[in-house]
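Undergrad: My questions all concern the structure below.
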Amino acid sequence: MSGLLGARTCSSPGEASDLKYPLGTRLREPLTEARFQQLFGDEEQVQELPTEPVGPKLCRMWRRPASACSRPGAWRLLQARLPPLRWLPLYRWRAWLLGDAVAGVTVGVVHVPQGMAFALLTSVPPVFGLYTSFFPVLIYSLLGTGRHLSTGTFAVLSLMTGSAVERLVPEPLSRNLSGIEKEQLDAQRVGAAAAVAFGSGALMLGMFVLQLGVLSTFLSEPVVKALTSGAALHVLVSQLPSLLGLSLPRQIGCFSLFKTLAAVLTSLPRSSPAELTISALSLALLVPVKELNVRFRDRLPTPIPGEIVMVLLASVLCFTSSLDTKYNVQIVGLLPEGFPQPLLPSLAELPRILADSLPIALVTFAVSASLASMYADKYSYTIDPNQELLAHGVSNLISSFFSCFPNSASLATTSLLVDAGGNTQLAGLFSCIVVLLVLLWLGPFFYYLPKAVLACINISSMRQMFFQMQELPQLWHISRMDFAVWIVTWVAVVTLNVDLGLAVGVIFSMMTVVCRTQRVQCLALGLAEGTELYRPLRESHRLLQVPGLCILRYPTPLYFGTRGNFRRILEWHLGLGEGGKWWPLFSIYRHLQSQITYQTQVRWDDTEGDLGMTHAGILVLLPSPILVAEPVRVVVLDFSGVTFADAAGAREVAQLASRCRDVGIHLLLAQCNASVLETLARAGVLDRVTPQQLFVSVQDAAAHALEKLELTGSTICTVWI
């Protein structure tokens with residue numbers, strides 16, 4: 001590698017300088033990959049790159065866990081699968097127990113009315129929301145790694161499950177059902193909801209077996225936030241009939257939100273004044289209490305339980321005023337005491353609910369994993385995404401035996417648990433105790449609870465999801481592509497439905513990634529004067545360009561989707577295509593012009609063939625590509641940004657090597673990682689490029705190129721950028 005210390009440059013732009021190579025102290029000879037491996041590794045690894053048969057490789061992968069199966073290894077595996085074995089011995093009883101107890105009781109008090117409310121959103125009787133607030137919370141406390149995560153009923157999942165239940169078990173058109181027919185309909189819907197929970201849990205367990213915790217990354221933050229925000233609007237509209245006391249069939253499928261709005265507006269004259277009054281008073285209490293809890297969270301010792309206060313007040317008011325008999329106000333009714341008998345969901349329903357279980361499983365894992373990661377980063381601990389898959393999969397699978405519907409972490413209750421002082425998963429056990437008391441003894445107290453109050457609880461719990469739209473201006477400032485993903489996902493969720501909106505959001509998000517890899521710019525590099533650094537020509541450096549030498553950096557994976565762009569860019573820069581040699585210079589100039597923020601004067605002289613630009617009193621003349629420009633004799637490809645290459649991309653490099661050899665261009669490859677180098681070797685690139693043309697860095701490749709060009713006494717042009 002050559003140093004550039006003490007280099008002498010031309011005094012004015014556009015002039016030539018007597019910069020000689022080497023420009024400073026010569027530190028060492030250029031290192032090829034073969035020489036580097038000979039000095040620091042295995043030389044045969046680069047020269048021959050032997051491929052290992054698949055069979056022995058798989059056998060070795062299977063033998064590795066077996067050899068690691070010892071008593072310490074088994075104990076570590078048990079600790080990984082049962083996290084309490086790891087954190088319970090380190091539990092600080094004096095410092096954490098009170099906070100976990102207070103937080104658990106607070107969340108449990110909220111779980112009771114919220115669970116019943118979300119059960120109505122799922123189209124099942126309210127008591128099954130209490131079951132879903134007990135069994136999954138207990139199981140996650142034993143298997144989950146999120147210390148501050150609160151699981152149970154979640155509005156988005158309840159909405160998605162309710163749509164599936166309504167499709168699988170539609171309500172008869174007559175809507176005049178007897179008591180027995182109503183019980184049969186409820187039993188069928190409970191079975192359908194439990195089957196959806198069973199299917200989503202089984203899918204998450206399958207993902208755990210395959211170690212697919214990395215799939216959570218495909219649901220980006222804009223997609224998840226747009227999904228929950230759009231689903232909150234669905235929840236709001238779906239609760240309007242309950243707020244107004246209207247008995248309307250639930251709309252499902254595409255454009256269900258607009259269908260529901262049209263049905264509500266049409267039936268508005270038949271709304272119940274009593275239930276409308278109850279809804280208005282409930283919202284008048286719940287919304288300010290929510291706002292107070294948010295604004296004074298640092299001053300309040302524990303959040304105000306507005307939901308349970310509203311439930312008690314409404315129940316007492318309905319009982320003393322006989323609103324259910326006088327004004328036909330819909331009430332919760334009798335909550336069965338104890339637990340339901342364990343029952344395996346109907347396996348015959350699984351093929352029908354698979355299309356619903358998959359998006360529910362993905363949303364469950366994405367929301368829960370993102371919430372757990374957020375609080376893990378905040379409180380300096382780590383979570384295991386694959387263990388989270390196991391925890392939520394077992395939670396949904398086992399709880400489905402007790403007629404529970406799909407569950408996950410909840411943004412509202414998780415925030416409440418943290419604000420109340422929760423520290424570990426032990427808070428979930430205290431929450432289960434509160435729900436257990438209601439199931440065993442306190443259930444009759446909720447007999448006269450109006451369902452309109454539960455609808456108001458559903459709407460008020462969406463507050464944080466609605467306020468996610470406030471982040472849009474900041475997202476626009478940070479990344480307009482993420483802003484577009486957010487908007488497209490939100491519009492798809494609102495106009496279509498949650499399932500299709502999620503699919504549209506994920507596909508659009510992935511397409512933005514693919515499009516950005518295809519629209520990447522290949523960067524032409526120049527030598528920063530006085531250093532050994534090669535920087536893109538668009539950056540604000542005084543760069544040195546060597547006649548006959550072209551250094552290009554391709555900063556994206558080389559696969560079937562980018563091979564065409566790779567070919568076109570290389571043809572332009574090397575003059576191999578129809579555009580000839582002048583197009584790369586003009587494209588570089590156009591890019592530089594777009595980077596200049598001050599006034600620039602450009603002239604193109606067709607007669608003289610010179611391209612020039614004047615700015616800040618400096619004139620830079622680019623020589624005519626037709627008359628003056630020296631053809632490329634050596635090209636260096638910097639592959640440091642190529643993280644992987646597939647067969648199509650590797651064959652494109654092989655074709656490029658053949659074309660360069662045919663036209664007399666010496667091709668050098670720099671900074672290829674091991675996987676890319678192995679793929680190129682299998683595609684036959686090393687039959688056209690010798691190991692002496694593979695270098696460990698751009699600096700080494702450029703030093704070899706200068707020797708190849710014999711520029712020890714040549715002139716190097718200085719270009720001001």
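Identifiers in the structure tokens: chain A, B, ... in order shown; residue index from 1 per chain; ligand index from 1 in order shown.
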Give me, as a PyMOL selection string, all polymer residues having an atom no more than 7 Å from segment 209-224 of chain A, counting only C-alpha atoms and skipping those fewer than 5 positions away in the same chain.
TA: chain A and resi 365-366+385-386+389+482+485-486+489+505-506
Undergrad: Find the residues near segment 278-292 of chain A: any atom within 6 Å, counting only C-alpha atoms, skip ones fewer than 2 places away on the same chain, and give them as a ChimeraX atom specification.
TA: /A:243,275-276,294-296,306,452
Undergrad: What are the closest atom pairs, with distances in Å to one decimal, for all residues of segment 443-559 of chain A lying within 10 Å of segment 703-708 of chain A? Consider only C-alpha atoms, order rows by chain and residue number, and present the result as JSON lines.
TA:
{"residue": "A:Glu532", "atom": "CA", "partner": "A:Ala703", "partner_atom": "CA", "distance": 10.0}
{"residue": "A:Val546", "atom": "CA", "partner": "A:Leu706", "partner_atom": "CA", "distance": 8.4}
{"residue": "A:Pro547", "atom": "CA", "partner": "A:Leu706", "partner_atom": "CA", "distance": 10.0}
{"residue": "A:Gly548", "atom": "CA", "partner": "A:Ala705", "partner_atom": "CA", "distance": 9.5}
{"residue": "A:Leu549", "atom": "CA", "partner": "A:Ala705", "partner_atom": "CA", "distance": 7.3}
{"residue": "A:Cys550", "atom": "CA", "partner": "A:Ala705", "partner_atom": "CA", "distance": 9.6}
{"residue": "A:Ile551", "atom": "CA", "partner": "A:Ala705", "partner_atom": "CA", "distance": 9.9}
Undergrad: Distance atom CA of Ala232 of chain A-atom CA of Glu388 of chain A, one decimal place?
TA: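 Computing the Euclidean distance for atom CA of Ala232 of chain A and atom CA of Glu388 of chain A yields 24.8 Å.
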Undergrad: Need to verify the contact set: segment 498-501 of chain A, 8 Å, only C-alpha atoms, exclusion of same-chain residues closer than 4 positions in sequence. Can you return it as a ChimeraX atom specification?
TA: /A:160,227,230-231,356,359,489-494,505
Undergrad: Among segment 401-449 of chain A, which ones does DSSP assign to helix (DSSP H, G or I) (computed from the backbone)? Answer as a PyMOL selection string.
TA: chain A and resi 411-419+426-446
Undergrad: Save out the residues we just selected, N, CA and C atoms, as an mmCIF file, in the first residue's frame.
TA:
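Produced file result-v6.cif, reproduced below:
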data_model
loop_
_atom_site.group_PDB
_atom_site.id
_atom_site.type_symbol
_atom_site.label_atom_id
_atom_site.label_comp_id
_atom_site.auth_asym_id
_atom_site.auth_seq_id
_atom_site.Cartn_x
_atom_site.Cartn_y
_atom_site.Cartn_z
ATOM 1 N N LEU A 411 -50.602 -3.141 24.363
ATOM 2 C CA LEU A 411 -49.874 -1.889 24.546
ATOM 3 C C LEU A 411 -50.376 -1.131 25.765
ATOM 4 N N ALA A 412 -51.693 -1.085 25.967
ATOM 5 C CA ALA A 412 -52.256 -0.298 27.065
ATOM 6 C C ALA A 412 -51.893 -0.896 28.418
ATOM 7 N N THR A 413 -52.109 -2.204 28.595
ATOM 8 C CA THR A 413 -51.832 -2.820 29.891
ATOM 9 C C THR A 413 -50.332 -2.928 30.167
ATOM 10 N N THR A 414 -49.525 -3.084 29.123
ATOM 11 C CA THR A 414 -48.069 -3.094 29.336
ATOM 12 C C THR A 414 -47.590 -1.735 29.837
ATOM 13 N N SER A 415 -48.067 -0.667 29.210
ATOM 14 C CA SER A 415 -47.717 0.671 29.681
ATOM 15 C C SER A 415 -48.224 0.901 31.101
ATOM 16 N N LEU A 416 -49.421 0.390 31.401
ATOM 17 C CA LEU A 416 -49.969 0.526 32.750
ATOM 18 C C LEU A 416 -49.126 -0.225 33.769
ATOM 19 N N LEU A 417 -48.674 -1.424 33.417
ATOM 20 C CA LEU A 417 -47.848 -2.216 34.331
ATOM 21 C C LEU A 417 -46.536 -1.513 34.642
ATOM 22 N N VAL A 418 -45.907 -0.937 33.610
ATOM 23 C CA VAL A 418 -44.635 -0.238 33.828
ATOM 24 C C VAL A 418 -44.848 1.007 34.681
ATOM 25 N N ASP A 419 -45.911 1.773 34.403
ATOM 26 C CA ASP A 419 -46.183 2.987 35.173
ATOM 27 C C ASP A 419 -46.513 2.670 36.630
ATOM 28 N N LEU A 426 -43.401 -11.704 37.688
ATOM 29 C CA LEU A 426 -44.184 -12.033 38.877
ATOM 30 C C LEU A 426 -45.446 -11.178 38.977
ATOM 31 N N ALA A 427 -45.431 -9.992 38.370
ATOM 32 C CA ALA A 427 -46.623 -9.144 38.381
ATOM 33 C C ALA A 427 -47.789 -9.834 37.699
ATOM 34 N N GLY A 428 -47.510 -10.682 36.709
ATOM 35 C CA GLY A 428 -48.585 -11.398 36.040
ATOM 36 C C GLY A 428 -49.327 -12.346 36.967
ATOM 37 N N LEU A 429 -48.620 -12.922 37.944
ATOM 38 C CA LEU A 429 -49.289 -13.820 38.887
ATOM 39 C C LEU A 429 -50.272 -13.057 39.768
ATOM 40 N N PHE A 430 -49.920 -11.855 40.200
ATOM 41 C CA PHE A 430 -50.848 -11.040 40.992
ATOM 42 C C PHE A 430 -52.052 -10.625 40.141
ATOM 43 N N SER A 431 -51.826 -10.362 38.870
ATOM 44 C CA SER A 431 -52.938 -10.053 37.980
ATOM 45 C C SER A 431 -53.884 -11.241 37.855
ATOM 46 N N CYS A 432 -53.329 -12.438 37.766
ATOM 47 C CA CYS A 432 -54.166 -13.641 37.684
ATOM 48 C C CYS A 432 -54.996 -13.829 38.950
ATOM 49 N N ILE A 433 -54.448 -13.468 40.106
ATOM 50 C CA ILE A 433 -55.203 -13.607 41.363
ATOM 51 C C ILE A 433 -56.451 -12.737 41.336
ATOM 52 N N VAL A 434 -56.337 -11.509 40.819
ATOM 53 C CA VAL A 434 -57.496 -10.618 40.744
ATOM 54 C C VAL A 434 -58.567 -11.206 39.838
ATOM 55 N N VAL A 435 -58.171 -11.677 38.654
ATOM 56 C CA VAL A 435 -59.142 -12.275 37.724
ATOM 57 C C VAL A 435 -59.744 -13.539 38.324
ATOM 58 N N LEU A 436 -58.944 -14.311 39.050
ATOM 59 C CA LEU A 436 -59.441 -15.534 39.680
ATOM 60 C C LEU A 436 -60.517 -15.218 40.714
ATOM 61 N N LEU A 437 -60.332 -14.168 41.485
ATOM 62 C CA LEU A 437 -61.342 -13.779 42.471
ATOM 63 C C LEU A 437 -62.670 -13.445 41.794
ATOM 64 N N VAL A 438 -62.597 -12.766 40.652
ATOM 65 C CA VAL A 438 -63.828 -12.429 39.930
ATOM 66 C C VAL A 438 -64.497 -13.690 39.398
ATOM 67 N N LEU A 439 -63.714 -14.618 38.865
ATOM 68 C CA LEU A 439 -64.290 -15.838 38.302
ATOM 69 C C LEU A 439 -64.921 -16.723 39.369
ATOM 70 N N LEU A 440 -64.362 -16.735 40.573
ATOM 71 C CA LEU A 440 -64.849 -17.641 41.611
ATOM 72 C C LEU A 440 -65.946 -17.035 42.473
ATOM 73 N N TRP A 441 -65.813 -15.738 42.791
ATOM 74 C CA TRP A 441 -66.737 -15.168 43.776
ATOM 75 C C TRP A 441 -67.407 -13.856 43.351
ATOM 76 N N LEU A 442 -66.724 -13.015 42.589
ATOM 77 C CA LEU A 442 -67.234 -11.670 42.347
ATOM 78 C C LEU A 442 -68.017 -11.535 41.054
ATOM 79 N N GLY A 443 -68.211 -12.593 40.328
ATOM 80 C CA GLY A 443 -68.904 -12.520 39.052
ATOM 81 C C GLY A 443 -70.319 -11.984 39.129
ATOM 82 N N PRO A 444 -71.131 -12.373 40.136
ATOM 83 C CA PRO A 444 -72.508 -11.862 40.192
ATOM 84 C C PRO A 444 -72.614 -10.343 40.292
ATOM 85 N N PHE A 445 -71.568 -9.674 40.766
ATOM 86 C CA PHE A 445 -71.634 -8.213 40.891
ATOM 87 C C PHE A 445 -71.674 -7.509 39.528
ATOM 88 N N PHE A 446 -71.338 -8.231 38.464
ATOM 89 C CA PHE A 446 -71.319 -7.626 37.134
ATOM 90 C C PHE A 446 -72.564 -7.983 36.326
#
Undergrad: Nearest to Thr161 of chain A among A:Ala524, A:Ala361, A:Leu637, A:Leu397, with distances taken over only C-alpha atoms: which residue is it?
TA: A:Ala361
